Structure formats: C-alpha cells, structure tokens
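Just work_10.csv here, CSV, C-alpha atoms and all ligand atoms:
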```csv
chain,number,residue,atom,x,y,z
A,348,MET,CA,-19.6,0.9,-0.9
A,349,ASN,CA,-16.4,-1.2,-0.6
A,350,ARG,CA,-15.8,-2.1,3.0
A,351,GLU,CA,-14.7,-5.7,2.6
A,352,ARG,CA,-11.4,-5.2,4.5
A,353,ILE,CA,-13.0,-3.8,7.6
A,354,GLU,CA,-16.1,-6.0,7.6
A,355,SER,CA,-14.7,-8.5,10.1
A,356,LEU,CA,-13.8,-5.7,12.5
A,357,TYR,CA,-17.2,-4.1,12.2
A,358,TYR,CA,-19.2,-7.3,12.7
A,359,LYS,CA,-17.0,-8.5,15.6
A,360,THR,CA,-17.7,-5.2,17.5
A,361,TYR,CA,-21.3,-5.1,16.5
A,362,ASN,CA,-22.0,-8.7,17.7
A,363,TYR,CA,-20.4,-8.0,21.0
A,364,ASN,CA,-22.5,-4.9,21.1
A,365,THR,CA,-19.7,-2.6,22.2
A,366,GLU,CA,-20.8,0.1,19.7
A,367,ASN,CA,-17.2,1.2,19.3
A,368,ILE,CA,-17.4,1.5,15.6
A,369,GLU,CA,-19.8,3.6,13.6
A,370,ILE,CA,-19.5,3.8,9.8
A,371,PHE,CA,-20.4,7.0,7.8
A,372,TYR,CA,-20.8,7.4,4.1
A,373,GLY,CA,-18.4,9.9,2.7
A,374,ASP,CA,-16.5,10.6,-0.5
A,375,MET,CA,-13.2,12.3,-1.1
A,376,GLY,CA,-14.8,14.1,-4.0
A,377,ASP,CA,-17.6,15.5,-1.9
A,378,SER,CA,-16.7,18.3,0.5
A,379,SER,CA,-20.1,18.4,2.1
A,380,SER,CA,-20.0,14.8,3.3
A,381,LEU,CA,-16.4,15.2,4.6
A,382,ASN,CA,-17.5,18.4,6.5
A,383,ARG,CA,-20.6,16.7,7.9
A,384,ILE,CA,-18.6,13.7,9.2
A,385,ILE,CA,-16.0,15.9,10.8
A,386,ARG,CA,-18.6,18.1,12.5
A,387,LYS,CA,-20.6,15.1,13.7
A,388,CYS,CA,-17.6,13.0,15.0
A,389,LYS,CA,-15.3,15.8,16.3
A,390,PRO,CA,-12.3,13.5,15.8
A,391,ASP,CA,-9.2,13.7,17.9
A,392,GLU,CA,-7.2,12.2,15.0
A,393,ILE,CA,-7.8,11.6,11.2
A,394,TYR,CA,-5.7,9.1,9.2
A,395,ASN,CA,-6.2,9.8,5.5
A,396,LEU,CA,-5.6,6.6,3.6
A,397,ALA,CA,-8.3,7.2,1.1
A,398,ALA,CA,-7.1,7.0,-2.5
A,399,GLN,CA,-7.3,5.5,-6.0
A,400,SER,CA,-4.0,3.9,-4.9
A,401,HIS,CA,-3.0,1.9,-8.0
A,402,VAL,CA,-0.1,3.6,-9.8
A,403,GLY,CA,-0.7,1.8,-13.1
A,404,VAL,CA,-4.4,2.6,-13.1
A,405,SER,CA,-3.7,6.3,-12.5
A,406,PHE,CA,-2.4,6.5,-16.1
A,407,LYS,CA,-5.9,5.4,-17.3
A,408,ILE,CA,-7.9,7.6,-15.0
A,409,PRO,CA,-5.6,10.6,-14.2
A,410,GLU,CA,-8.3,13.2,-13.6
A,411,TYR,CA,-10.2,11.1,-11.1
A,412,THR,CA,-6.9,10.1,-9.4
A,413,CYS,CA,-5.8,13.7,-9.0
A,414,ASP,CA,-9.2,14.6,-7.7
A,415,VAL,CA,-9.5,12.1,-4.9
A,416,VAL,CA,-5.8,11.7,-4.1
A,417,GLY,CA,-4.8,15.4,-4.4
A,418,LEU,CA,-7.8,17.7,-4.0
A,419,GLY,CA,-9.5,15.3,-1.6
A,420,VAL,CA,-6.8,16.2,1.0
A,421,VAL,CA,-7.5,19.9,0.6
A,422,ARG,CA,-11.1,19.2,1.2
A,423,ILE,CA,-10.3,17.6,4.6
A,424,LEU,CA,-7.6,20.1,5.6
A,425,ASP,CA,-9.9,23.1,4.8
A,426,ALA,CA,-12.7,21.6,6.8
A,427,LEU,CA,-10.3,21.1,9.7
A,428,LYS,CA,-8.9,24.7,9.5
A,429,ASP,CA,-12.2,26.3,10.4
A,430,PHE,CA,-13.1,23.8,13.0
A,431,THR,CA,-13.1,24.6,16.7
A,432,ILE,CA,-11.8,21.2,17.7
A,433,LYS,CA,-8.0,20.7,17.3
A,434,THR,CA,-7.9,17.5,15.2
A,435,LYS,CA,-4.6,15.9,14.4
A,436,PHE,CA,-4.3,14.9,10.7
A,437,TYR,CA,-2.2,12.2,9.2
A,438,GLN,CA,-1.6,12.2,5.4
A,439,ALA,CA,-0.6,8.9,3.8
A,440,SER,CA,2.2,10.2,1.6
A,441,SER,CA,4.0,7.9,-0.7
A,442,SER,CA,7.5,6.9,-1.8
A,443,GLU,CA,6.0,7.2,-5.4
A,444,MET,CA,6.6,11.0,-4.9
A,445,PHE,CA,10.4,10.3,-5.3
A,446,GLY,CA,9.8,8.8,-8.7
A,447,ASN,CA,13.1,8.4,-10.5
A,448,SER,CA,14.8,11.3,-8.8
A,449,SER,CA,17.5,9.2,-7.1
A,450,ASN,CA,19.3,5.9,-7.3
A,451,GLN,CA,20.5,6.4,-3.8
A,452,ILE,CA,18.7,5.7,-0.5
A,453,GLN,CA,15.8,8.2,-0.1
A,454,ASN,CA,15.0,10.2,3.0
A,455,GLU,CA,13.0,13.3,4.1
A,456,VAL,CA,15.2,15.7,2.1
A,457,THR,CA,15.5,13.7,-1.2
A,458,PRO,CA,13.9,15.7,-4.0
A,459,PHE,CA,10.6,14.6,-5.5
A,460,LEU,CA,10.3,13.7,-9.2
A,461,PRO,CA,7.0,11.8,-9.5
A,462,SER,CA,6.6,9.5,-12.5
A,463,SER,CA,2.8,8.9,-12.6
A,464,PRO,CA,-0.4,10.9,-12.2
A,465,TYR,CA,-0.7,9.1,-8.8
A,466,GLY,CA,2.8,10.3,-7.7
A,467,CYS,CA,2.0,13.9,-8.8
A,468,ALA,CA,-1.3,13.9,-6.9
A,469,LYS,CA,0.5,12.5,-3.8
A,470,ALA,CA,3.2,15.2,-4.0
A,471,PHE,CA,0.5,17.9,-4.3
A,472,ALA,CA,-1.3,16.5,-1.2
A,473,TYR,CA,2.1,16.3,0.7
A,474,TYR,CA,2.8,20.0,0.0
A,475,MET,CA,-0.7,21.1,0.9
A,476,THR,CA,-0.4,19.2,4.2
A,477,ARG,CA,2.8,21.2,5.0
A,478,VAL,CA,1.2,24.5,3.8
A,479,TYR,CA,-1.8,24.1,6.1
A,480,ARG,CA,0.5,23.0,9.0
A,481,GLU,CA,2.7,26.1,8.6
A,482,ALA,CA,0.0,28.7,7.6
A,483,TYR,CA,-2.7,27.7,10.2
A,484,ASN,CA,-0.6,26.0,12.9
A,485,MET,CA,-2.3,22.7,12.4
A,486,PHE,CA,-1.1,19.4,13.7
A,487,ALA,CA,-0.8,17.9,10.1
A,488,CYS,CA,1.8,15.3,9.3
A,489,ASN,CA,3.0,13.3,6.4
A,490,GLY,CA,4.1,9.7,6.7
A,491,ILE,CA,6.1,9.0,3.5
A,492,LEU,CA,5.5,5.3,3.4
A,493,PHE,CA,7.3,2.9,1.1
A,494,ASN,CA,5.4,-0.1,-0.2
A,495,HIS,CA,3.7,-2.0,2.6
A,496,GLU,CA,2.0,-5.3,2.0
A,497,SER,CA,0.0,-8.0,3.8
A,498,PRO,CA,-2.5,-10.7,2.9
A,499,ARG,CA,-5.1,-7.9,2.7
A,500,ARG,CA,-3.3,-6.3,-0.2
A,501,GLY,CA,-5.5,-5.8,-3.3
A,502,GLU,CA,-5.1,-8.6,-5.8
A,503,ASN,CA,-3.9,-6.3,-8.6
A,504,PHE,CA,-0.7,-5.1,-6.8
A,505,VAL,CA,2.3,-7.1,-7.7
A,506,THR,CA,3.1,-8.9,-4.3
A,507,ARG,CA,-0.4,-10.2,-3.8
A,508,LYS,CA,-0.8,-11.0,-7.5
A,509,ILE,CA,2.3,-13.2,-7.2
A,510,THR,CA,1.4,-15.0,-4.0
A,511,LEU,CA,-2.2,-15.6,-5.0
A,512,SER,CA,-1.4,-16.7,-8.5
A,513,LEU,CA,1.4,-19.0,-7.4
A,514,ALA,CA,-0.9,-20.6,-4.8
A,515,ARG,CA,-3.5,-21.2,-7.5
A,516,ILE,CA,-0.9,-22.7,-9.8
A,517,LYS,CA,0.3,-24.9,-7.0
A,518,LEU,CA,-3.2,-26.2,-6.5
A,519,GLY,CA,-3.8,-26.7,-10.2
A,520,LEU,CA,-6.3,-23.9,-10.6
A,521,GLN,CA,-4.3,-21.6,-12.9
A,522,GLU,CA,-1.6,-22.3,-15.5
A,523,LYS,CA,0.5,-19.2,-15.5
A,524,LEU,CA,1.3,-15.9,-13.8
A,525,PHE,CA,1.6,-12.9,-16.2
A,526,LEU,CA,3.7,-10.0,-15.0
A,527,GLY,CA,5.3,-6.7,-16.3
A,528,ASN,CA,8.6,-5.1,-15.3
A,529,LEU,CA,10.5,-7.8,-13.3
A,530,ASP,CA,13.5,-5.5,-12.6
A,531,ALA,CA,11.7,-2.7,-10.7
A,532,LYS,CA,13.1,-2.5,-7.2
A,533,ARG,CA,10.9,-1.8,-4.2
A,534,ASP,CA,11.4,-1.4,-0.4
A,535,TRP,CA,8.7,-3.8,0.8
A,536,GLY,CA,7.6,-3.8,4.4
A,537,TYR,CA,4.7,-5.3,6.4
A,538,ALA,CA,1.5,-3.2,6.6
A,539,LYS,CA,0.9,-3.9,10.3
A,540,ASP,CA,4.4,-2.4,11.2
A,541,TYR,CA,3.6,0.6,9.1
A,542,VAL,CA,0.2,1.3,10.8
A,543,GLU,CA,2.0,1.4,14.1
A,544,ALA,CA,4.3,4.1,12.5
A,545,MET,CA,1.3,6.1,11.4
A,546,TRP,CA,-0.1,6.1,15.0
A,547,LEU,CA,3.4,7.1,16.4
A,548,ILE,CA,3.6,10.0,14.0
A,549,LEU,CA,0.5,11.5,15.5
A,550,GLN,CA,1.6,10.8,19.1
A,551,ASN,CA,4.8,12.7,18.6
A,552,ASP,CA,5.3,16.1,20.4
A,553,LYS,CA,5.5,18.1,17.2
A,554,ALA,CA,3.8,17.8,13.8
A,555,ASP,CA,6.4,16.6,11.3
A,556,ASP,CA,7.1,14.4,8.2
A,557,PHE,CA,8.7,10.9,8.4
A,558,VAL,CA,10.0,8.3,5.9
A,559,ILE,CA,8.8,4.8,6.9
A,560,ALA,CA,10.7,2.0,5.2
A,561,THR,CA,12.7,-1.2,5.9
A,562,ASN,CA,16.0,0.1,4.4
A,563,GLU,CA,16.2,-2.9,2.0
A,564,THR,CA,15.3,-3.1,-1.6
A,565,HIS,CA,14.5,-6.1,-3.8
A,566,THR,CA,13.4,-6.7,-7.4
A,567,VAL,CA,9.9,-8.0,-8.4
A,568,ARG,CA,11.9,-11.0,-9.8
A,569,GLU,CA,13.3,-11.8,-6.4
A,570,PHE,CA,9.9,-11.6,-4.7
A,571,ALA,CA,8.5,-14.0,-7.3
A,572,GLU,CA,11.5,-16.4,-7.0
A,573,LYS,CA,11.2,-16.5,-3.2
A,574,ALA,CA,7.4,-16.9,-3.2
A,575,ALA,CA,7.8,-19.8,-5.7
A,576,LYS,CA,10.4,-21.5,-3.6
A,577,LEU,CA,8.1,-21.6,-0.6
A,578,LEU,CA,5.6,-23.5,-2.8
A,579,ASP,CA,8.4,-25.9,-3.9
A,580,PHE,CA,8.8,-24.4,-7.4
A,581,ASP,CA,12.3,-23.7,-8.6
A,582,ILE,CA,12.2,-20.8,-11.1
A,583,GLU,CA,14.8,-20.7,-14.0
A,584,TRP,CA,14.5,-17.6,-16.1
A,585,GLN,CA,14.9,-17.8,-19.9
A,586,GLY,CA,14.8,-15.0,-22.5
A,587,GLU,CA,14.9,-11.2,-22.0
A,588,GLY,CA,12.4,-8.3,-21.7
A,589,ILE,CA,9.0,-9.1,-22.9
A,590,ASN,CA,10.2,-12.6,-24.0
A,591,GLU,CA,11.3,-13.6,-20.6
A,592,LYS,CA,9.7,-16.7,-19.0
A,593,GLY,CA,10.0,-18.3,-15.6
A,594,ILE,CA,10.2,-22.1,-15.9
A,595,ASP,CA,9.8,-24.5,-13.0
A,596,SER,CA,12.9,-26.7,-13.3
A,597,ASN,CA,11.2,-29.5,-11.5
A,598,THR,CA,8.5,-30.0,-14.2
A,599,GLY,CA,9.9,-28.0,-17.2
A,600,LYS,CA,6.6,-26.0,-17.2
A,601,ILE,CA,6.5,-22.3,-17.9
A,602,ILE,CA,4.7,-20.8,-14.9
A,603,ILE,CA,5.6,-17.1,-15.3
A,604,GLU,CA,5.4,-15.0,-18.5
A,605,VAL,CA,6.2,-11.3,-19.1
A,606,ILE,CA,3.6,-9.5,-21.2
A,607,PRO,CA,3.5,-5.9,-22.4
A,608,LYS,CA,0.1,-5.3,-20.9
A,609,PHE,CA,1.5,-5.0,-17.4
A,610,TYR,CA,4.2,-2.5,-18.2
A,611,ARG,CA,3.5,1.1,-17.3
A,612,PRO,CA,4.0,4.1,-19.7
A,613,LEU,CA,6.6,5.2,-17.2
A,614,ASP,CA,7.8,3.2,-14.1
A,615,VAL,CA,9.7,3.9,-11.0
A,616,ASN,CA,12.8,1.7,-11.2
A,617,PHE,CA,14.4,2.1,-7.7
A,618,LEU,CA,12.9,2.7,-4.3
A,619,LEU,CA,14.9,2.3,-1.1
A,620,GLY,CA,14.0,4.2,2.1
A,621,ASP,CA,16.1,5.6,4.9
A,622,SER,CA,13.8,5.6,8.0
A,623,SER,CA,16.5,6.6,10.5
A,624,LYS,CA,14.6,9.8,11.5
A,625,ALA,CA,11.6,7.7,12.5
A,626,LYS,CA,13.9,5.2,14.4
A,627,LYS,CA,15.5,8.1,16.3
A,628,GLU,CA,12.5,10.3,17.0
A,629,LEU,CA,9.6,7.9,17.2
A,630,ASN,CA,11.5,4.7,18.3
A,631,TRP,CA,9.9,2.9,15.3
A,632,HIS,CA,11.5,-0.3,14.0
A,633,PRO,CA,10.0,-2.7,11.5
A,634,LYS,CA,9.5,-6.1,13.0
A,635,VAL,CA,8.9,-8.3,9.9
A,636,ASN,CA,11.6,-8.6,7.3
A,637,PHE,CA,11.3,-9.3,3.5
A,638,ASN,CA,11.5,-13.1,3.8
A,639,GLU,CA,9.0,-13.3,6.6
A,640,LEU,CA,6.6,-11.0,4.7
A,641,ILE,CA,6.6,-13.3,1.7
A,642,GLU,CA,6.1,-16.3,3.9
A,643,ILE,CA,3.1,-14.6,5.7
A,644,MET,CA,1.5,-13.8,2.3
A,645,VAL,CA,2.2,-17.1,0.6
A,646,ASN,CA,0.8,-19.1,3.6
A,647,ALA,CA,-2.3,-16.9,3.8
A,648,ASP,CA,-3.0,-17.2,0.0
A,649,LEU,CA,-2.5,-21.0,0.1
A,650,GLU,CA,-5.1,-21.2,2.8
A,651,ASN,CA,-7.5,-18.8,0.9
A,652,VAL,CA,-7.2,-20.8,-2.3
A,653,LYS,CA,-7.8,-24.1,-0.5
A,654,LYS,CA,-10.9,-22.7,1.3
A,655,ILE,CA,-12.4,-21.3,-1.9
A,656,ASN,CA,-11.7,-24.4,-3.8
A,657,TYR,CA,-13.2,-26.6,-1.0
A,658,MET,CA,-16.3,-24.4,-0.9
A,659,LYS,CA,-16.6,-24.6,-4.7
A,660,SER,CA,-16.4,-28.4,-4.7
A,661,PHE,CA,-18.9,-28.6,-1.9
A,662,ASN,CA,-21.4,-26.5,-3.9
A,663,GLU,CA,-21.0,-28.6,-7.1
B,701,LIG,O1,2.7,-3.5,-6.5
B,701,LIG,P1,2.7,-2.3,-7.4
B,701,LIG,O2,1.5,-2.0,-8.2
B,701,LIG,O3,3.0,-1.0,-6.4
B,701,LIG,P2,3.6,0.4,-6.7
B,701,LIG,O4,3.4,0.9,-8.1
B,701,LIG,O5,5.0,0.4,-6.2
B,701,LIG,O6,2.7,1.3,-5.7
B,701,LIG,C1,2.4,0.9,-4.4
B,701,LIG,O7,3.3,1.4,-3.5
B,701,LIG,C2,3.3,2.9,-3.3
B,701,LIG,C3,4.4,3.3,-2.3
B,701,LIG,O8,5.6,3.4,-3.0
B,701,LIG,C4,1.9,3.3,-2.9
B,701,LIG,F1,1.9,4.7,-2.8
B,701,LIG,C5,0.9,2.9,-4.0
B,701,LIG,O9,-0.4,3.3,-3.6
B,701,LIG,C6,1.0,1.4,-4.1
B,701,LIG,O10,0.6,0.8,-2.9
B,701,LIG,O11,4.0,-2.3,-8.4
B,701,LIG,C7,5.3,-2.5,-7.9
B,701,LIG,C8,6.2,-2.7,-9.1
B,701,LIG,C9,6.1,-1.7,-10.2
B,701,LIG,O12,7.3,-1.3,-10.7
B,701,LIG,C10,5.3,-2.4,-11.3
B,701,LIG,O13,5.6,-1.9,-12.7
B,701,LIG,O14,5.9,-4.0,-9.7
B,701,LIG,C11,5.9,-3.8,-11.1
B,701,LIG,N1,5.1,-4.9,-11.7
B,701,LIG,C12,5.5,-5.8,-12.6
B,701,LIG,N2,4.5,-6.6,-13.0
B,701,LIG,C13,3.7,-5.0,-11.6
B,701,LIG,C14,3.3,-6.1,-12.4
B,701,LIG,N3,2.8,-4.3,-10.9
B,701,LIG,C15,1.5,-4.7,-10.9
B,701,LIG,N4,0.6,-4.0,-10.1
B,701,LIG,N5,1.1,-5.8,-11.6
B,701,LIG,C16,2.0,-6.5,-12.4
B,701,LIG,O15,1.6,-7.5,-13.1
```
Show me the file's structure as structure tokens.
Amino acid sequence: MNRERIESLYYKTYNYNTENIEIFYGDMGDSSSLNRIIRKCKPDEIYNLAAQSHVGVSFKIPEYTCDVVGLGVVRILDALKDFTIKTKFYQASSSEMFGNSSNQIQNEVTPFLPSSPYGCAKAFAYYMTRVYREAYNMFACNGILFNHESPRRGENFVTRKITLSLARIKLGLQEKLFLGNLDAKRDWGYAKDYVEAMWLILQNDKADDFVIATNETHTVREFAEKAAKLLDFDIEWQGEGINEKGIDSNTGKIIIEVIPKFYRPLDVNFLLGDSSKAKKELNWHPKVNFNELIEIMVNADLENVKKINYMKSFNE
C-alpha cells in the first residue's frame, strides 16, 4: 500500500502515543471494504481524494480510471445513504471536467466538456454527488479544484517534474528535462490553501458546490522559465512544436527539450477559475501566489536532491 505521503504524520502521532490516527485498508474498487470502514469509524466527515489522478495515464488505463474515480464515488455515496449516522461527504471534483468548453474564466455554471477518461470519470462522480444530495437529502458537496501543487506533488505531474529535474540539472545529476505541451495554461495554486477550502466547504451551513482557484492562469513554459531563473538558469527558447528547445544562455547548453512522448492524445489548453463564490460564501482566499508557489517547490527540491546526493556519496 502506498502511504508515503502520510507516513510522517502517522509516525509522529504514533511515537507520541496519542493514538489519534488509525489506518484501515480499503480500495475504491471494493464496496465491502468501504462499507466496513464506514460502519466501523462512523465518520462525521469524509473527504474523497482517492483517484488514479494522472490525466495522461488515464488514456492508457481508461477502464481502471473510470472504475476508481467514477464508480468508486457511487460506492461511498451508496454506503452512506443507508447509514444511520449523518456523515458529511466532500468529493474532490476537478477543473478537468471543464475540458476545452471555454476560453473564458470558469465558474460553477460553466458547462463541462471533459477531454480525457479522467475528466469524464470526474464529471460522472460530480453529478452522482449532486444526485445523492438531492435525492436522499445528504450533505454531499463538490469542491471543483483547479490544479494545486506542493513539494508533495507526484514526480510525474508537470510542476514537480520541472522543479525536481531542474534541481538535479543544477547539481549536475541530470542533463535535460523532457516535456510535452509547453503552451497549456493552468490555474496553479498551493495545495495547503486548497485543503483549507475543502474543510470550509464541509463547515458551510448548506451542502453546495464551489470552484476553488487562484483566478490567474500561466503556461507550462512560464512555470519552467521562472523555476529555472530561481536556479540561476536563463532560458532562451529556440525552434517550434516538437523541435522546441530551452537553452541556458549562460552556458549555451540545451537543458529543456520537447518530445512527442509527453503530449496527450487530447489536452486541455486553457484553465482559469473564478472562485468568487467561495470567497463570498466561505471567506476563502488563497494565501500563496504563483511566484511563491514556484519558490516553495524549487527550494524543497533543491534540498531533497542535495540530501539524496549526500546520502548516496556517504554510502559509496
Ligand atoms: O501536471 P499535469 O499532469 O496536470 P493536469 O493534467 O492539469 O491535471 C492535474 O490537475 C487537475 C485539476 O485541473 C487534477 F484533477 C488532476 O488530477 C491533476 O492533478 O499537466 C498539466 C499540463 C498539461 O496540459 C500537460 O499536457 O502540463 C502539460 N505537460 C507538458 N509536459 C505535461 C508535461 N504534463 C506532465 N504530467 N508531464 C509532462 O512532461
């Protein structure tokens, strides 16, 4: 089981012997385990962040993605429907549901036009959450979250891939960073701010759906340039499309290359969220901006790479 990202939390609590955290085995594809956990824990609140969450990978494993991301939510909702305890349910809905439906700022009434198996599965789960809310009077809510990043982001998502690879290049452990679509635009926020929004959504008086975003959009190219700058690289772009390269003008070396492998069969080109409803009704405001987010991630990865490199040389 993959629990790397909560390991520190678990051991801290365990060592202090506060017994605040108990971990159960469960699977979004297995109703009986979900039912058992719900009956045993009698939760006040459930935050469903479980997913095969990589959009590109969802084209390779569409059936599995739809099962855990889409049907998995029905498995939880249906277990809660027949349960005596009134559990509040948060569904991690995604801006991927908008797909390429709009080149304008997107809010709670923007139509969905998903462009990937992942986006389709998330849209299904979104609607099922609403159906269970209305049909069975459940406190079930959707947070429609735009991209949210942090040093804990998986290494195959573009922001983390950029910060980790550039840190490795800086320390001489890697030559180049290979990317796909540099012109995709995303509304990138800081995961810690977004977790606060999730909690606020379930503390609201009524069950509802909210867009959570920073209201700013930037290209992948811009993210890479800014991350590079923080590491004293100065990127100059040459060529176009799959022939495009990022050259560090200080050394003349190619440090970024575009390759077809990282293009998706269909990509979402433009995401920009309008979170004014969350601002007004939940008093939620993102605290970390785009530049600060990049700085947090670059600094964390520089430290990570230094540590790993130090440990490696120590073992040799
Ligand atoms: O970092 P990404 O893989 O995130 P994506 O596809 O926007 O999805 C993330 O945000 C969603 C919210 O909108 C979540 F629901 C979802 O679970 C996930 O957290 O890719 C961002 C953009 C894409 O346009 C992609 O084509 O970056 C482009 N890109 C360019 N080169 C790349 C790469 N993406 C990845 N992963 N790897 C590349 O080398």
Residues of segment 429-542 of chain A that have any atom at most 8 Å from an atom of segment 578-584 of chain A: could you tabulate them with the shortest-distance atom pair and the distance in Å to one decimal, using only C-alpha atoms, ordered by chain and increasing number, as a Markdown table?
```
| residue | atom | partner | partner_atom | distance |
| --- | --- | --- | --- | --- |
| A:Leu513 | CA | A:Leu578 | CA | 7.7 |
| A:Ala514 | CA | A:Leu578 | CA | 7.4 |
| A:Lys517 | CA | A:Leu578 | CA | 6.9 |
```
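Each of A:Tyr537, A:Lys576, A:Lys626, A:Glu604 was checked against Glu639 of chain A using all atoms listed in the file; the smallest atom-to-atom distance is that of A:Tyr537.
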Counting all atoms listed in the file, what residues are within 6 Å of ligand LIG 701 (chain B), given as a PDB file with C-alpha atoms, keeping the file's coordinate frame?
```pdb
ATOM      1  CA  SER A 400      -4.000   3.900  -4.900  1.00  0.00           C
ATOM      2  CA  HIS A 401      -3.000   1.900  -8.000  1.00  0.00           C
ATOM      3  CA  VAL A 402      -0.100   3.600  -9.800  1.00  0.00           C
ATOM      4  CA  SER A 441       4.000   7.900  -0.700  1.00  0.00           C
ATOM      5  CA  SER A 442       7.500   6.900  -1.800  1.00  0.00           C
ATOM      6  CA  GLU A 443       6.000   7.200  -5.400  1.00  0.00           C
ATOM      7  CA  PHE A 493       7.300   2.900   1.100  1.00  0.00           C
ATOM      8  CA  ASN A 494       5.400  -0.100  -0.200  1.00  0.00           C
ATOM      9  CA  ASN A 503      -3.900  -6.300  -8.600  1.00  0.00           C
ATOM     10  CA  PHE A 504      -0.700  -5.100  -6.800  1.00  0.00           C
ATOM     11  CA  VAL A 505       2.300  -7.100  -7.700  1.00  0.00           C
ATOM     12  CA  THR A 506       3.100  -8.900  -4.300  1.00  0.00           C
ATOM     13  CA  LEU A 526       3.700 -10.000 -15.000  1.00  0.00           C
ATOM     14  CA  GLY A 527       5.300  -6.700 -16.300  1.00  0.00           C
ATOM     15  CA  ASN A 528       8.600  -5.100 -15.300  1.00  0.00           C
ATOM     16  CA  LEU A 529      10.500  -7.800 -13.300  1.00  0.00           C
ATOM     17  CA  ALA A 531      11.700  -2.700 -10.700  1.00  0.00           C
ATOM     18  CA  VAL A 567       9.900  -8.000  -8.400  1.00  0.00           C
ATOM     19  CA  PHE A 609       1.500  -5.000 -17.400  1.00  0.00           C
ATOM     20  CA  TYR A 610       4.200  -2.500 -18.200  1.00  0.00           C
ATOM     21  CA  ARG A 611       3.500   1.100 -17.300  1.00  0.00           C
ATOM     22  CA  ASP A 614       7.800   3.200 -14.100  1.00  0.00           C
ATOM     23  CA  VAL A 615       9.700   3.900 -11.000  1.00  0.00           C
TER      24      VAL A 615
END
```
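Distance check against Ile602 of chain A using all atoms listed in the file: of A:Leu549, A:Lys624, A:Val542, A:Ile516, the minimum falls on A:Ile516.
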Q | Atom-to-atom span, atom CA of Leu524 of chain A and atom CA of Arg350 of chain A, Å | A | 27.7 Å
Q: Skip segment 427-429 of chain A itself and residues of its chain fewer than 5 positions away, then list as a ChimeraX atom specification all residues within 8 Å of it, counting all atoms listed in the file.
A: /A:385,434,479,483,485
Q) With all atoms listed in the file as the basis for distance, which of A:Asn382, A:Asn454, A:Ser497, A:Asn447 is at the shortest distance from Ile641 of chain A? A) A:Ser497
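Between Trp631 of chain A and the candidates A:Ile643, A:Leu511, A:Met545, A:Val420, the tightest atom-to-atom separation, counting all atoms listed in the file, involves A:Met545.
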Q | Residue among A:Ile594, A:Ile408, A:Ala487, A:Ala470 lying closest to Tyr394 of chain A, counting all atoms listed in the file | A | A:Ala487
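Going from atom CA of Ser596 of chain A to atom CA of Glu502 of chain A covers 26.6 Å.
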Q | Neighbour list for Lys634 of chain A as a list in words, cut-off 12 Å, all atoms listed in the file, skip fewer than 3 positions in-chain | A | Gly536, Tyr537, Ala538, Lys539, Asp540, Tyr541, Glu543, Ala544, Ala560, Thr561, Trp631, Phe637, Asn638, Glu639 and Leu640 of chain A
Given the selection you just returned, output its residues as a file containing C-alpha atoms, formatted as a PDB file, keeping the file's coordinate frame.
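The new file again.pdb reads:
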```
ATOM      1  CA  GLY A 536       7.600  -3.800   4.400  1.00  0.00           C
ATOM      2  CA  TYR A 537       4.700  -5.300   6.400  1.00  0.00           C
ATOM      3  CA  ALA A 538       1.500  -3.200   6.600  1.00  0.00           C
ATOM      4  CA  LYS A 539       0.900  -3.900  10.300  1.00  0.00           C
ATOM      5  CA  ASP A 540       4.400  -2.400  11.200  1.00  0.00           C
ATOM      6  CA  TYR A 541       3.600   0.600   9.100  1.00  0.00           C
ATOM      7  CA  GLU A 543       2.000   1.400  14.100  1.00  0.00           C
ATOM      8  CA  ALA A 544       4.300   4.100  12.500  1.00  0.00           C
ATOM      9  CA  ALA A 560      10.700   2.000   5.200  1.00  0.00           C
ATOM     10  CA  THR A 561      12.700  -1.200   5.900  1.00  0.00           C
ATOM     11  CA  TRP A 631       9.900   2.900  15.300  1.00  0.00           C
ATOM     12  CA  PHE A 637      11.300  -9.300   3.500  1.00  0.00           C
ATOM     13  CA  ASN A 638      11.500 -13.100   3.800  1.00  0.00           C
ATOM     14  CA  GLU A 639       9.000 -13.300   6.600  1.00  0.00           C
ATOM     15  CA  LEU A 640       6.600 -11.000   4.700  1.00  0.00           C
TER      16      LEU A 640
END
```
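Proximity to Asp555 of chain A was assessed for A:Trp535, A:Phe617, A:Tyr372, A:Phe436 counting all atoms listed in the file; the smallest distance is recorded for A:Phe436.
Reported to one decimal place, the separation of atom CA of Leu424 of chain A from atom CA of Leu356 of chain A is 27.4 Å.
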Q.
as a PyMOL selection string, please: the residues near Leu418 of chain A (cut-off 12 Å, all atoms listed in the file, same-chain neighbours under 3 positions excluded).
A. chain A and resi 374-378+397-398+410-415+421-425+467-476
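Neighbouring residues of Arg515 of chain A at 9 Å or closer, counting all atoms listed in the file and skipping chain neighbours under 3 positions away, are A:Thr510, A:Leu511, A:Ser512, A:Leu518, A:Gly519, A:Leu520, A:Gln521, A:Glu522, A:Asp648, A:Leu649, A:Val652, A:Lys653.
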Written file, previous selection with C-alpha atoms, as a compact mmCIF listing (two decimals), in the frame of the given file:
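Now in again.txt:
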```
# COMPACT_ATOMS: atom_id res chain seq x y z
CA THR A 510 1.40 -15.00 -4.00
CA LEU A 511 -2.20 -15.60 -5.00
CA SER A 512 -1.40 -16.70 -8.50
CA LEU A 518 -3.20 -26.20 -6.50
CA GLY A 519 -3.80 -26.70 -10.20
CA LEU A 520 -6.30 -23.90 -10.60
CA GLN A 521 -4.30 -21.60 -12.90
CA GLU A 522 -1.60 -22.30 -15.50
CA ASP A 648 -3.00 -17.20 0.00
CA LEU A 649 -2.50 -21.00 0.10
CA VAL A 652 -7.20 -20.80 -2.30
CA LYS A 653 -7.80 -24.10 -0.50
```
